[in-house]
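Visitor: Next comes start25.pdb, PDB, C-alpha atoms:
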```pdb
ATOM      1  CA  MET A 668     165.663  88.557  80.289
ATOM      2  CA  LYS A 669     168.612  89.959  78.361
ATOM      3  CA  ALA A 670     166.753  93.246  77.820
ATOM      4  CA  ARG A 671     166.031  93.428  81.531
ATOM      5  CA  HIS A 672     169.681  92.974  82.397
ATOM      6  CA  ILE A 673     170.536  95.785  79.988
ATOM      7  CA  VAL A 674     167.981  98.077  81.636
ATOM      8  CA  CYS A 675     169.278  97.198  85.087
ATOM      9  CA  THR A 676     172.859  97.793  83.977
ATOM     10  CA  LEU A 677     171.999 101.241  82.617
ATOM     11  CA  ILE A 678     170.129 102.110  85.786
ATOM     12  CA  LEU A 679     172.976 100.875  87.933
ATOM     13  CA  SER A 680     175.412 103.026  85.957
ATOM     14  CA  VAL A 681     173.286 106.070  86.671
ATOM     15  CA  VAL A 682     172.994 105.109  90.323
ATOM     16  CA  LEU A 683     176.685 104.673  90.742
ATOM     17  CA  SER A 684     177.441 107.930  89.035
ATOM     18  CA  GLY A 685     175.258 109.702  91.600
ATOM     19  CA  CYS A 686     176.782 108.074  94.705
ATOM     20  CA  GLY A 687     178.226 110.398  97.258
ATOM     21  CA  ALA A 688     175.858 113.219  96.335
ATOM     22  CA  PRO A 689     175.019 115.816  98.927
ATOM     23  CA  SER A 690     172.246 115.443 101.503
ATOM     24  CA  GLY A 691     168.715 115.404 100.093
ATOM     25  CA  GLN A 692     169.700 114.039  96.686
ATOM     26  CA  THR A 693     167.514 111.437  95.030
ATOM     27  CA  TRP A 694     168.966 107.985  94.457
ATOM     28  CA  LEU A 695     167.966 106.227  91.289
ATOM     29  CA  GLY A 696     166.763 102.670  91.691
ATOM     30  CA  TYR A 697     164.623 100.125  89.887
ATOM     31  CA  VAL A 698     161.803  97.698  90.517
ATOM     32  CA  GLU A 699     162.657  94.032  91.044
ATOM     33  CA  GLY A 700     160.210  91.105  91.159
ATOM     34  CA  GLU A 701     160.515  87.703  92.816
ATOM     35  CA  TYR A 702     158.607  85.308  90.577
ATOM     36  CA  VAL A 703     156.673  82.245  91.681
ATOM     37  CA  LEU A 704     157.253  79.296  89.349
ATOM     38  CA  LEU A 705     154.322  76.859  89.210
ATOM     39  CA  ALA A 706     155.139  73.211  88.520
ATOM     40  CA  ALA A 707     153.648  69.774  89.173
ATOM     41  CA  PRO A 708     155.451  67.295  91.464
ATOM     42  CA  GLY A 709     155.087  64.538  88.860
ATOM     43  CA  SER A 710     155.863  64.327  85.165
ATOM     44  CA  GLY A 711     153.288  63.918  82.406
ATOM     45  CA  TRP A 712     151.752  65.235  79.211
ATOM     46  CA  LEU A 713     150.409  68.764  79.401
ATOM     47  CA  ILE A 714     146.818  68.708  78.143
ATOM     48  CA  GLU A 715     145.529  72.150  79.214
ATOM     49  CA  VAL A 716     146.979  75.594  79.906
ATOM     50  CA  ASN A 717     144.180  77.718  81.302
ATOM     51  CA  VAL A 718     145.903  81.116  81.561
ATOM     52  CA  GLU A 719     147.631  83.594  79.255
ATOM     53  CA  ASN A 720     150.511  86.022  79.700
ATOM     54  CA  GLY A 721     149.446  89.150  81.531
ATOM     55  CA  GLN A 722     146.300  87.543  82.978
ATOM     56  CA  LYS A 723     145.468  88.256  86.599
ATOM     57  CA  VAL A 724     144.657  85.223  88.723
ATOM     58  CA  ILE A 725     143.518  84.770  92.283
ATOM     59  CA  GLU A 726     144.306  82.005  94.742
ATOM     60  CA  GLY A 727     142.542  78.800  93.711
ATOM     61  CA  ASP A 728     142.322  79.534  89.972
ATOM     62  CA  LEU A 729     143.149  76.559  87.741
ATOM     63  CA  LEU A 730     146.395  77.191  85.857
ATOM     64  CA  PHE A 731     147.156  73.997  83.949
ATOM     65  CA  VAL A 732     146.246  70.299  83.785
ATOM     66  CA  LEU A 733     148.405  67.213  83.222
ATOM     67  CA  GLU A 734     147.191  63.853  81.935
ATOM     68  CA  SER A 735     145.794  61.871  84.903
ATOM     69  CA  ALA A 736     144.543  58.474  83.649
ATOM     70  CA  GLN A 737     147.048  56.561  85.795
ATOM     71  CA  GLU A 738     146.290  58.602  88.915
ATOM     72  CA  GLN A 739     142.529  58.187  88.384
ATOM     73  CA  ALA A 740     142.940  54.411  88.085
ATOM     74  CA  ALA A 741     145.012  54.345  91.285
ATOM     75  CA  LYS A 742     142.312  56.306  93.110
ATOM     76  CA  ASP A 743     139.583  53.937  91.882
ATOM     77  CA  ALA A 744     141.620  50.926  93.037
ATOM     78  CA  ALA A 745     142.204  52.503  96.449
ATOM     79  CA  ALA A 746     138.478  53.234  96.781
ATOM     80  CA  ALA A 747     137.667  49.605  95.959
ATOM     81  CA  ARG A 748     140.166  48.314  98.540
ATOM     82  CA  LEU A 749     138.691  50.606 101.171
ATOM     83  CA  ALA A 750     135.164  49.395 100.382
ATOM     84  CA  GLU A 751     136.346  45.798 100.783
ATOM     85  CA  ALA A 752     138.046  46.554 104.115
ATOM     86  CA  ASN A 753     134.954  48.363 105.419
ATOM     87  CA  ALA A 754     132.731  45.455 104.387
ATOM     88  CA  ARG A 755     134.951  42.963 106.207
ATOM     89  CA  LEU A 756     135.000  45.117 109.317
ATOM     90  CA  GLU A 757     131.223  45.489 109.278
ATOM     91  CA  ASN A 758     130.817  41.741 108.810
ATOM     92  CA  LEU A 759     133.038  41.036 111.821
ATOM     93  CA  THR A 760     131.025  43.372 114.048
ATOM     94  CA  LYS A 761     127.789  41.488 113.313
ATOM     95  CA  GLY A 762     126.578  37.975 114.116
ATOM     96  CA  ARG A 763     125.590  35.487 111.467
ATOM     97  CA  ARG A 764     122.796  36.218 109.037
ATOM     98  CA  ALA A 765     119.192  35.243 109.754
ATOM     99  CA  GLU A 766     119.394  32.474 107.157
ATOM    100  CA  GLU A 767     122.390  30.962 108.939
ATOM    101  CA  LEU A 768     120.704  31.268 112.336
ATOM    102  CA  SER A 769     117.559  29.566 111.023
ATOM    103  CA  VAL A 770     119.545  26.321 110.663
ATOM    104  CA  PHE A 771     119.680  26.055 114.454
ATOM    105  CA  ASP A 772     115.914  26.374 114.943
ATOM    106  CA  PRO A 773     114.814  22.884 113.737
ATOM    107  CA  GLN A 774     117.761  21.313 115.545
ATOM    108  CA  ILE A 775     116.766  23.012 118.775
ATOM    109  CA  GLY A 776     113.142  21.997 118.219
ATOM    110  CA  ALA A 777     114.137  18.367 117.739
ATOM    111  CA  ALA A 778     116.330  18.488 120.848
ATOM    112  CA  GLU A 779     113.472  19.976 122.896
ATOM    113  CA  ALA A 780     111.109  17.191 121.704
ATOM    114  CA  ASN A 781     113.720  14.553 122.506
ATOM    115  CA  LEU A 782     114.165  16.050 125.978
ATOM    116  CA  ARG A 783     110.429  16.004 126.600
ATOM    117  CA  TYR A 784     110.251  12.336 125.580
ATOM    118  CA  ALA A 785     113.268  11.435 127.687
ATOM    119  CA  SER A 786     111.793  13.315 130.675
ATOM    120  CA  ALA A 787     108.458  11.536 130.312
ATOM    121  CA  GLU A 788     110.172   8.136 130.005
ATOM    122  CA  TYR A 789     112.240   8.909 133.074
ATOM    123  CA  ALA A 790     109.123   9.800 135.056
ATOM    124  CA  ARG A 791     107.428   6.570 133.944
ATOM    125  CA  GLN A 792     110.438   4.496 134.925
ATOM    126  CA  GLN A 793     110.437   6.164 138.334
ATOM    127  CA  GLN A 794     106.893   4.937 138.946
ATOM    128  CA  LEU A 795     107.704   1.441 137.729
ATOM    129  CA  ALA A 796     110.805   1.245 139.913
ATOM    130  CA  LYS A 797     108.656   1.632 143.005
ATOM    131  CA  THR A 798     106.842  -1.677 142.341
ATOM    132  CA  ASP A 799     109.234  -3.617 140.130
ATOM    133  CA  ALA A 800     112.800  -4.161 141.138
ATOM    134  CA  SER A 801     113.817  -5.118 137.647
ATOM    135  CA  ALA A 802     112.676  -1.767 136.372
ATOM    136  CA  ARG A 803     115.407   0.014 138.326
ATOM    137  CA  ARG A 804     117.917  -0.791 135.602
ATOM    138  CA  ASN A 805     115.637   0.881 133.043
ATOM    139  CA  LEU A 806     115.345   3.889 135.395
ATOM    140  CA  GLU A 807     119.086   4.491 135.240
ATOM    141  CA  ALA A 808     119.009   4.269 131.433
ATOM    142  CA  ALA A 809     116.082   6.688 131.273
ATOM    143  CA  ARG A 810     117.906   9.109 133.587
ATOM    144  CA  ALA A 811     120.994   8.994 131.364
ATOM    145  CA  ALA A 812     118.884   9.540 128.226
ATOM    146  CA  GLN A 813     117.198  12.555 129.828
ATOM    147  CA  ARG A 814     120.522  14.105 130.805
ATOM    148  CA  THR A 815     121.927  13.477 127.328
ATOM    149  CA  ALA A 816     118.891  15.143 125.715
ATOM    150  CA  ALA A 817     119.162  18.123 128.080
ATOM    151  CA  ALA A 818     122.880  18.525 127.351
ATOM    152  CA  LYS A 819     122.277  18.359 123.598
ATOM    153  CA  LEU A 820     119.592  21.034 123.839
ATOM    154  CA  GLU A 821     121.873  23.280 125.896
ATOM    155  CA  GLU A 822     124.688  22.797 123.359
ATOM    156  CA  LEU A 823     122.472  23.885 120.474
ATOM    157  CA  ARG A 824     121.198  26.936 122.355
ATOM    158  CA  LEU A 825     124.726  28.006 123.229
ATOM    159  CA  SER A 826     125.837  27.510 119.612
ATOM    160  CA  ARG A 827     123.032  29.770 118.434
ATOM    161  CA  ASN A 828     123.953  32.433 121.004
ATOM    162  CA  VAL A 829     127.593  32.294 119.909
ATOM    163  CA  ALA A 830     126.501  32.726 116.297
ATOM    164  CA  LEU A 831     124.846  35.999 117.314
ATOM    165  CA  LEU A 832     128.113  37.393 118.708
ATOM    166  CA  PRO A 833     130.568  39.534 116.636
ATOM    167  CA  ALA A 834     134.137  38.395 116.003
ATOM    168  CA  ARG A 835     136.784  38.526 118.691
ATOM    169  CA  ASP A 836     138.288  41.889 119.668
ATOM    170  CA  ASP A 837     141.657  41.084 118.096
ATOM    171  CA  GLU A 838     140.054  40.269 114.744
ATOM    172  CA  ILE A 839     137.999  43.448 114.829
ATOM    173  CA  ALA A 840     141.090  45.521 115.750
ATOM    174  CA  ALA A 841     143.013  44.037 112.806
ATOM    175  CA  ALA A 842     140.142  44.735 110.420
ATOM    176  CA  THR A 843     139.841  48.288 111.770
ATOM    177  CA  ALA A 844     143.555  48.876 111.123
ATOM    178  CA  LEU A 845     143.165  47.625 107.548
ATOM    179  CA  ALA A 846     140.249  49.996 107.009
ATOM    180  CA  GLU A 847     142.316  52.921 108.356
ATOM    181  CA  ALA A 848     145.164  51.985 106.023
ATOM    182  CA  GLY A 849     142.683  51.887 103.149
ATOM    183  CA  ARG A 850     141.459  55.386 103.979
ATOM    184  CA  ALA A 851     145.038  56.673 104.064
ATOM    185  CA  GLN A 852     145.791  55.062 100.696
ATOM    186  CA  LEU A 853     142.671  56.616  99.202
ATOM    187  CA  ALA A 854     143.641  60.039 100.575
ATOM    188  CA  GLU A 855     147.103  59.687  99.031
ATOM    189  CA  ALA A 856     145.654  58.620  95.677
ATOM    190  CA  ASP A 857     143.232  61.548  95.780
ATOM    191  CA  TRP A 858     146.121  63.937  96.510
ATOM    192  CA  ARG A 859     148.145  62.565  93.595
ATOM    193  CA  LEU A 860     145.165  63.011  91.303
ATOM    194  CA  ASP A 861     144.657  66.574  92.551
ATOM    195  CA  GLN A 862     148.317  67.354  91.824
ATOM    196  CA  ARG A 863     147.592  66.867  88.124
ATOM    197  CA  ARG A 864     145.411  69.996  88.234
ATOM    198  CA  ILE A 865     147.680  72.804  89.392
ATOM    199  CA  LYS A 866     145.978  75.812  90.952
ATOM    200  CA  ALA A 867     147.359  79.173  91.996
ATOM    201  CA  ARG A 868     148.501  79.251  95.629
ATOM    202  CA  VAL A 869     148.776  83.066  95.576
ATOM    203  CA  SER A 870     147.140  85.865  93.628
ATOM    204  CA  GLY A 871     149.154  87.707  91.020
ATOM    205  CA  THR A 872     149.817  88.354  87.338
ATOM    206  CA  VAL A 873     150.871  85.644  84.891
ATOM    207  CA  GLU A 874     154.279  86.752  83.698
ATOM    208  CA  ASP A 875     154.968  83.849  81.340
ATOM    209  CA  THR A 876     153.556  80.505  80.213
ATOM    210  CA  MET A 877     156.664  78.500  79.495
ATOM    211  CA  ARG A 878     155.069  75.383  77.990
ATOM    212  CA  ARG A 879     152.173  74.613  75.665
ATOM    213  CA  ALA A 880     149.523  71.908  75.590
ATOM    214  CA  GLY A 881     150.898  68.746  74.020
ATOM    215  CA  GLU A 882     154.363  69.039  75.565
ATOM    216  CA  PHE A 883     155.782  66.510  78.010
ATOM    217  CA  VAL A 884     156.582  68.148  81.344
ATOM    218  CA  PRO A 885     159.265  66.585  83.566
ATOM    219  CA  ALA A 886     158.696  66.344  87.307
ATOM    220  CA  GLY A 887     159.143  69.813  88.804
ATOM    221  CA  GLY A 888     159.246  71.458  85.380
ATOM    222  CA  ALA A 889     157.795  74.975  85.602
ATOM    223  CA  VAL A 890     154.827  75.712  83.351
ATOM    224  CA  VAL A 891     153.628  79.119  84.573
ATOM    225  CA  SER A 892     155.541  82.063  86.045
ATOM    226  CA  LEU A 893     153.498  84.223  88.401
ATOM    227  CA  LEU A 894     154.338  87.603  89.954
ATOM    228  CA  PRO A 895     152.384  88.340  93.168
ATOM    229  CA  PRO A 896     152.124  92.062  94.006
ATOM    230  CA  GLN A 897     153.695  91.486  97.423
ATOM    231  CA  ASN A 898     156.799  90.026  95.771
ATOM    232  CA  VAL A 899     157.709  93.365  94.182
ATOM    233  CA  LYS A 900     160.510  95.369  95.783
ATOM    234  CA  LEU A 901     162.613  98.424  95.096
ATOM    235  CA  ARG A 902     166.398  98.157  94.779
ATOM    236  CA  PHE A 903     168.833 101.044  95.015
ATOM    237  CA  PHE A 904     172.417 101.751  96.044
ATOM    238  CA  VAL A 905     173.408 104.164  98.795
ATOM    239  CA  PRO A 906     176.911 105.568  99.327
ATOM    240  CA  GLU A 907     178.792 104.511 102.425
ATOM    241  CA  THR A 908     178.700 108.076 103.752
ATOM    242  CA  ARG A 909     174.858 108.025 103.928
ATOM    243  CA  LEU A 910     174.411 104.459 105.197
ATOM    244  CA  ALA A 911     174.136 105.525 108.830
ATOM    245  CA  GLU A 912     170.940 107.436 107.994
ATOM    246  CA  LEU A 913     169.159 104.241 106.939
ATOM    247  CA  GLY A 914     168.096 101.106 108.789
ATOM    248  CA  LEU A 915     165.725  98.161 108.542
ATOM    249  CA  GLY A 916     162.130  99.311 108.766
ATOM    250  CA  LYS A 917     162.937 102.928 107.906
ATOM    251  CA  SER A 918     160.638 104.540 105.326
ATOM    252  CA  VAL A 919     161.830 106.003 102.047
ATOM    253  CA  SER A 920     159.884 107.936  99.428
ATOM    254  CA  ALA A 921     159.616 106.530  95.908
ATOM    255  CA  ALA A 922     158.491 108.206  92.708
ATOM    256  CA  CYS A 923     158.056 107.083  89.115
ATOM    257  CA  ASP A 924     156.018 108.110  86.095
ATOM    258  CA  SER A 925     153.198 105.644  86.865
ATOM    259  CA  CYS A 926     153.463 105.572  90.671
ATOM    260  CA  PRO A 927     150.775 107.098  92.890
ATOM    261  CA  ALA A 928     151.638 110.252  94.776
ATOM    262  CA  GLU A 929     153.250 109.930  98.175
ATOM    263  CA  LEU A 930     154.386 106.349  97.558
ATOM    264  CA  THR A 931     156.547 105.075 100.381
ATOM    265  CA  ALA A 932     158.481 101.886 101.001
ATOM    266  CA  LYS A 933     160.064 100.289 104.051
ATOM    267  CA  ILE A 934     163.628  99.076 103.942
ATOM    268  CA  SER A 935     163.656  95.278 104.251
ATOM    269  CA  PHE A 936     167.271  94.474 103.414
ATOM    270  CA  ILE A 937     170.659  96.172 103.627
ATOM    271  CA  SER A 938     173.617  94.369 102.133
ATOM    272  CA  SER A 939     176.383  93.503 104.568
ATOM    273  CA  GLN A 940     178.999  93.708 101.817
ATOM    274  CA  ALA A 941     180.065  96.916 100.187
ATOM    275  CA  GLU A 942     180.656  97.400  96.483
ATOM    276  CA  PHE A 943     182.923  99.876  94.722
ATOM    277  CA  THR A 944     182.067 101.997  91.786
ATOM    278  CA  PRO A 945     184.734 101.924  89.054
ATOM    279  CA  PRO A 946     187.649 102.160  89.399
ATOM    280  CA  VAL A 947     187.817  99.371  91.966
ATOM    281  CA  ILE A 948     191.179 100.491  93.387
ATOM    282  CA  TYR A 949     190.548 101.516  96.985
ATOM    283  CA  SER A 950     191.968 104.785  98.245
ATOM    284  CA  ARG A 951     190.943 107.655 100.493
ATOM    285  CA  GLU A 952     189.971 109.639  97.443
ATOM    286  CA  ASN A 953     187.418 107.100  96.170
ATOM    287  CA  ARG A 954     186.081 105.949  99.541
ATOM    288  CA  ARG A 955     183.022 108.064  98.797
ATOM    289  CA  LYS A 956     182.319 105.658  95.934
ATOM    290  CA  LEU A 957     181.722 102.798  98.375
ATOM    291  CA  VAL A 958     178.050 101.789  98.034
ATOM    292  CA  TYR A 959     175.634  99.307  99.609
ATOM    293  CA  LEU A 960     172.672  97.564  98.035
ATOM    294  CA  ILE A 961     169.336  98.283  99.754
ATOM    295  CA  GLU A 962     165.920  96.736  99.141
ATOM    296  CA  ALA A 963     162.591  98.214 100.217
ATOM    297  CA  LYS A 964     159.024  96.892 100.160
ATOM    298  CA  PRO A 965     156.415  99.309  98.726
ATOM    299  CA  SER A 966     153.641 100.268 101.123
ATOM    300  CA  VAL A 967     151.051 100.040  98.322
ATOM    301  CA  PRO A 968     151.826  97.089  95.999
ATOM    302  CA  GLY A 969     150.283  97.297  92.554
ATOM    303  CA  THR A 970     150.663  96.389  88.917
ATOM    304  CA  TYR A 971     152.053  99.859  88.204
ATOM    305  CA  LEU A 972     155.338  98.615  89.659
ATOM    306  CA  ARG A 973     156.758  96.459  86.853
ATOM    307  CA  PRO A 974     160.204  94.846  87.081
ATOM    308  CA  GLY A 975     162.857  97.031  85.467
ATOM    309  CA  LEU A 976     160.891 100.256  86.008
ATOM    310  CA  PRO A 977     163.227 103.089  87.167
ATOM    311  CA  VAL A 978     162.249 104.852  90.407
ATOM    312  CA  ASP A 979     163.543 107.844  92.342
ATOM    313  CA  ILE A 980     164.324 107.125  96.003
ATOM    314  CA  ARG A 981     164.907 109.587  98.796
ATOM    315  CA  ILE A 982     164.761 109.424 102.564
ATOM    316  CA  ALA A 983     161.186 110.022 103.774
ATOM    317  CA  PRO A 984     160.773 113.166 105.839
TER     318      PRO A 984
END
```
Could I get this file's structure written as structure tokens?
Guide:
Amino acid sequence: MKARHIVCTLILSVVLSGCGAPSGQTWLGYVEGEYVLLAAPGSGWLIEVNVENGQKVIEGDLLFVLESAQEQAAKDAAAARLAEANARLENLTKGRRAEELSVFDPQIGAAEANLRYASAEYARQQQLAKTDASARRNLEAARAAQRTAAAKLEELRLSRNVALLPARDDEIAAATALAEAGRAQLAEADWRLDQRRIKARVSGTVEDTMRRAGEFVPAGGAVVSLLPPQNVKLRFFVPETRLAELGLGKSVSAACDSCPAELTAKISFISSQAEFTPPVIYSRENRRKLVYLIEAKPSVPGTYLRPGLPVDIRIAP
């Protein structure tokens, strides 16, 4: 970094010495890069670094891995809780099992037999009551026994039908909410586990690997520095007397030893604050030394544009 500042300082000295040159003169500038620093949201031991300095990566490539035993355990626990919630919900949406329902069958059979006997006894007592006055009291008892047997049979049948029904709507709604919460917890645990394996979000060149396997990385601590081609820009200074010729979106021509022919760039930034070349004492005589910083995006990004590289800039015809 210190060497880069020295290069930029030398270039800036040359630029400033050429400010206020006549129309058509080339302005000297340099390449600047905006680096993407890759870090994990959580802290942990660094167990793998899968890239090297200067390596080209594409979006989705694995860059580095942090220890993830705790996150894996949390995901397994969340998966188990979700399985439990789903099982409870499924159980509530069903009736009782066949084994539980089979308990009602002999009871219903016995009640049906008791009803048949009570009905037959009632019919017999009806016949006797026609000829024997004393039998009328037995008729009333037989009628009551028949009704009791019929009611018992109906009770057992209704109990069996209720056993076939699922749980109440409120219970099912509560179990459904618990299952949804379990799915959300599992998704969160899966995300936390995935954040232990950091992948490239953009394509570019690995500029620096700042940590090595075996080091402890704090939360947000950068491990890899990446330079995407689209993050490269050209910086140059233009005298105040030529500023009116330039504007955002205007094309400029750029040339360097390794640049392709006819390389152009579009101005993306013009500083709103002026700077003075030395001496900094303002006067009419040194007004021509008033300069503005301008940045331009190359039309054809590429690895040939390395930060610190000097470039020649002129207004595109």
Visitor: Taking all atoms listed in the file into account, which of A:Lys742, A:Arg973, A:Lys819, A:Arg810 comes nearest Gln793 in chain A?
Guide: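 Going through A:Lys742, A:Arg973, A:Lys819, A:Arg810 one by one, the smallest distance to Gln793 in chain A is for A:Arg810.
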Visitor: Can you list what the PyMOL selection byres ((chain A and resi 925) around 10) grabs from this structure, as a list of chain:residue names?
Guide: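 What the PyMOL selection byres ((chain A and resi 925) around 10) grabs from the file is A:Ala922, A:Cys923, A:Asp924, A:Cys926, A:Pro927, A:Ala928, A:Thr970, A:Tyr971, A:Leu972, A:Arg973, A:Leu976, A:Val978.
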Visitor: Residues near range 869-884 of chain A, anyone? I mean within 9 Å using all atoms listed in the file, not counting same-chain ones fewer than 4 positions away, as a count of residues only.
Guide: 37
Visitor: Compile the contact shell of Ala741 in chain A as a ChimeraX atom specification: residues with an atom at most 12 Å away, counting only C-alpha atoms, same-chain residues fewer than 3 positions apart removed.
Guide: /A:735-738,744-748,852-860
Visitor: List the residues matched by the PyMOL selection byres ((chain A and resi 932) around 6) in the displayed structure as an mmCIF file with C-alpha atoms, keeping the file's coordinate frame, ordered by chain and then by residue number.
Guide:
```cif
data_model
loop_
_atom_site.group_PDB
_atom_site.id
_atom_site.type_symbol
_atom_site.label_atom_id
_atom_site.label_comp_id
_atom_site.auth_asym_id
_atom_site.auth_seq_id
_atom_site.Cartn_x
_atom_site.Cartn_y
_atom_site.Cartn_z
ATOM 1 C CA SER A 918 160.638 104.540 105.326
ATOM 2 C CA VAL A 919 161.830 106.003 102.047
ATOM 3 C CA THR A 931 156.547 105.075 100.381
ATOM 4 C CA LYS A 933 160.064 100.289 104.051
ATOM 5 C CA ALA A 963 162.591 98.214 100.217
ATOM 6 C CA LYS A 964 159.024 96.892 100.160
ATOM 7 C CA PRO A 965 156.415 99.309 98.726
ATOM 8 C CA SER A 966 153.641 100.268 101.123
#
```
Visitor: Can you list, as a list in words, every protein, DNA or RNA residue that comes within 10 Å of Arg783 in chain A when you count all atoms listed in the file, leaving out same-chain residues fewer than 6 positions away?
Guide: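 Listing them by chain and then by number gives Ala777, Tyr789, Gln813, Ala816 and Ala817 of chain A.
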Visitor: For each of A:Ile982, A:Leu915, A:Leu910, A:Leu705, take the minimum atom-to-atom distance to Tyr959 in chain A, counting all atoms listed in the file, then give the residue where this is smallest.
Guide: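 Of A:Ile982, A:Leu915, A:Leu910, A:Leu705, the one nearest Tyr959 in chain A is A:Leu910, counting all atoms listed in the file.
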Visitor: How many Å separate CA of Leu957 in chain A from CA of Glu929 in chain A?
Guide: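 CA of Leu957 in chain A sits 29.4 Å away from CA of Glu929 in chain A.
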Visitor: So the first atom is CA of Phe936 in chain A and the second is CA of Val967 in chain A; what is the distance between them in Å, to one decimal place?
Guide: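 Between these atoms lies a distance of 17.9 Å.
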Visitor: Near Leu901 in chain A, within 7 Å and counting only C-alpha atoms, which residues show up once chain neighbours fewer than 3 positions away are dropped, as a ChimeraX atom specification?
Guide: /A:696-699,962-964
Visitor: Let's have the selection written as a short mmCIF file (atom, residue, chain, number, x, y, z; two decimals), in the frame of the given file, with C-alpha atoms.
Guide:
```
data_model
loop_
_atom_site.label_atom_id
_atom_site.label_comp_id
_atom_site.auth_asym_id
_atom_site.auth_seq_id
_atom_site.Cartn_x
_atom_site.Cartn_y
_atom_site.Cartn_z
CA GLY A 696 166.76 102.67 91.69
CA TYR A 697 164.62 100.12 89.89
CA VAL A 698 161.80 97.70 90.52
CA GLU A 699 162.66 94.03 91.04
CA GLU A 962 165.92 96.74 99.14
CA ALA A 963 162.59 98.21 100.22
CA LYS A 964 159.02 96.89 100.16
#
```
Visitor: What does the distance between CA of Ala867 in chain A and CA of Arg850 in chain A come to in Å, to one decimal place?
Guide: 27.3 Å
Visitor: Nearest residue to Gly969 in chain A out of A:Asn898, A:Gln940, A:Gln692, A:Gln774, using all atoms listed in the file?
Guide: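 Of all the options, A:Asn898 lies closest to Gly969 in chain A.
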